[in-house]
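*Asks:* If you scroll down you'll find the structure; I have some questions about it.
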Amino acid sequence: MQLPHFKFYSKNELLSLTNLRRFETKLGERLQVLNANQSPESFVQLDAEYVLFGIPEDIGVQANDGIPGASTAWTSFLQYFLNIQSNDFLNGDEIAVIGHFDFNDIENLIDQNAATKEEKLAAYRHAVIAIDEEVEKLVKAITASGKTPIA
């Protein structure tokens, strides 16, 4: 499965966003990741029930003539989520945080080449189709392994 716009996380990347404190265990310390040498089809090897990934993009919003800003939500969420204290109700072992999509190249290409607002809207709407297809591939791979995707 090819996911040219997906960036997989390493455990060290998650830990770099986790505020480690002595005598506390944060979700970022317990969450699972896919190893760099594993393919997305390896979801079945994860012990986690849930597979979490981000889609930080504004293309869909702008395709609907909306106000951009949603692309920053993933990073904000992830920083807070990783720093929740592990507890009896949510210890982190049941979740894998695998990475996020990065569609900045598509957005930059549209912004640089669309001459009018109508042209830009049409290009964004066309790009949404490609984005949806790539996200769908990942979701199908996750669900085929018996895991629950969370985007």
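We name chains A, B, ... following the order of the structure tokens; residues begin at 1 in each chain, and ligands are numbered from 1 as shown.
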Ile84 of chain A: which residues within 10 Å, counting only C-alpha atoms, same-chain residues fewer than 2 positions away excluded, as a list in words?

*Replies:* Thr18, Asn19, Thr25, Lys26, Leu27, Gly28, Gln79, Tyr80, Phe81, Leu82, Ser86, Asn87, Leu90, Asn91 and Gly92 of chain A

*Asks:* List the spatial neighbours of segment 101-114 of chain A as a tab-separated table (two decimals) with N, CA and C atoms, in the first residue's frame - criterion: any atom at most 7 Å away, only C-alpha atoms, same-chain residues fewer than 3 positions off excluded.

*Replies:*
```tsv
chain	number	residue	atom	x	y	z
A	5	HIS	N	1.77	10.58	1.20
A	5	HIS	CA	1.64	11.76	2.05
A	5	HIS	C	1.58	11.43	3.54
A	6	PHE	N	1.89	10.19	3.91
A	6	PHE	CA	1.78	9.81	5.32
A	6	PHE	C	3.16	9.76	5.97
A	7	LYS	N	3.26	10.36	7.14
A	7	LYS	CA	4.50	10.35	7.92
A	7	LYS	C	4.27	9.48	9.16
A	54	GLY	N	-3.49	11.46	12.39
A	54	GLY	CA	-3.96	12.81	12.14
A	54	GLY	C	-4.10	13.13	10.66
A	55	ILE	N	-5.01	14.06	10.38
A	55	ILE	CA	-5.19	14.58	9.02
A	55	ILE	C	-5.17	16.11	9.12
A	56	PRO	N	-4.00	16.67	9.38
A	56	PRO	CA	-3.93	18.13	9.56
A	56	PRO	C	-3.88	18.86	8.22
A	57	GLU	N	-5.04	19.21	7.72
A	57	GLU	CA	-5.09	19.92	6.43
A	57	GLU	C	-6.27	20.87	6.40
A	59	ILE	N	-7.37	21.89	3.20
A	59	ILE	CA	-7.83	21.83	1.81
A	59	ILE	C	-9.34	21.61	1.75
A	119	GLU	N	-10.73	29.35	-9.65
A	119	GLU	CA	-9.76	28.34	-10.03
A	119	GLU	C	-9.22	27.62	-8.78
A	120	LYS	N	-8.96	28.39	-7.74
A	120	LYS	CA	-8.45	27.83	-6.50
A	120	LYS	C	-9.49	26.91	-5.86
A	123	ALA	N	-9.65	23.69	-7.78
A	123	ALA	CA	-8.47	22.86	-7.52
A	123	ALA	C	-8.55	22.22	-6.14
```

*Asks:* In Å, with one decimal, what is the gap from atom CA of Arg125 of chain A to atom CA of Ala63 of chain A?

*Replies:*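 Result for atom CA of Arg125 of chain A versus atom CA of Ala63 of chain A: 4.9 Å, one decimal.
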
*Asks:* Would you work out the distance separating atom CA of Asn64 of chain A from atom CA of Lys117 of chain A, expressed in Å to one decimal?

*Replies:* 12.1 Å

*Asks:* Find the residue from A:Ala130, A:Ile67, A:Ala73, A:Ala96 that sits nearest to Thr148 of chain A; use only C-alpha atoms when measuring.

*Replies:*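 Closest to Thr148 of chain A, using only C-alpha atoms: A:Ala96.
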
*Asks:* Could you pull out the residues in segment 69-136 of chain A that DSSP calls alpha helix (DSSP H) from the backbone, as number ranges by chain?

*Replies:* A: 73-82, 104-113, 117-136

*Asks:* Just the residues within 7 Å of Pro149 of chain A, please, counting only C-alpha atoms, with nothing from its chain fewer than 2 positions along; format it as a PyMOL selection string.

*Replies:* chain A and resi 50-52+139+142-143+147+151

*Asks:* Residues at most 10 Å from Tyr9 of chain A, counting only C-alpha atoms, excluding those fewer than 3 positions away in the same chain, as a VMD selection string?

*Replies:* chain A and resid 6 12 to 14 32 to 36 53 97 to 100

*Asks:* Those same residues, written as a short mmCIF file (atom, residue, chain, number, x, y, z; two decimals), in the first residue's frame with C-alpha atoms?

*Replies:*
```
data_model
loop_
_atom_site.label_atom_id
_atom_site.label_comp_id
_atom_site.auth_asym_id
_atom_site.auth_seq_id
_atom_site.Cartn_x
_atom_site.Cartn_y
_atom_site.Cartn_z
CA PHE A 6 1.78 9.81 5.32
CA ASN A 12 11.20 8.80 20.10
CA GLU A 13 9.11 11.35 18.19
CA LEU A 14 6.17 10.75 20.51
CA GLN A 32 2.30 1.92 20.61
CA VAL A 33 3.79 2.86 17.22
CA LEU A 34 4.62 0.98 14.04
CA ASN A 35 8.36 0.42 13.73
CA ALA A 36 10.05 2.12 10.78
CA PHE A 53 -3.68 9.17 13.14
CA VAL A 97 -0.43 6.57 17.42
CA ILE A 98 0.99 5.91 13.99
CA GLY A 99 1.48 9.34 12.40
CA HIS A 100 -0.21 11.95 10.25
#
```

*Asks:* Using only C-alpha atoms, which residue out of A:Thr72, A:Asn83, A:Ser145, A:Thr116 lies closest to Arg30 of chain A?

*Replies:*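 Nearest to Arg30 of chain A: A:Asn83.
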
*Asks:* One decimal, in Å: what's the spacing between atom CA of Val135 of chain A and atom CA of Pro4 of chain A?

*Replies:*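 Computing it gives 10.9 Å between the two atoms.
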
*Asks:* Extract, using only C-alpha atoms, all DNA, RNA and protein residues at most 7 Å from Pro68 of chain A, discarding same-chain residues fewer than 5 positions from it, and format them as a list of chain:residue names.

*Replies:*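 The neighbour list is A:Asp58, A:Val61, A:Gln62.
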
*Asks:* If you run DSSP on the backbone here, which positions in chain A get strand (DSSP E or B)? Please write them as a VMD selection string.

*Replies:* chain A and resid 6 to 8 26 32 50 to 54 85 95 to 101 148 to 150
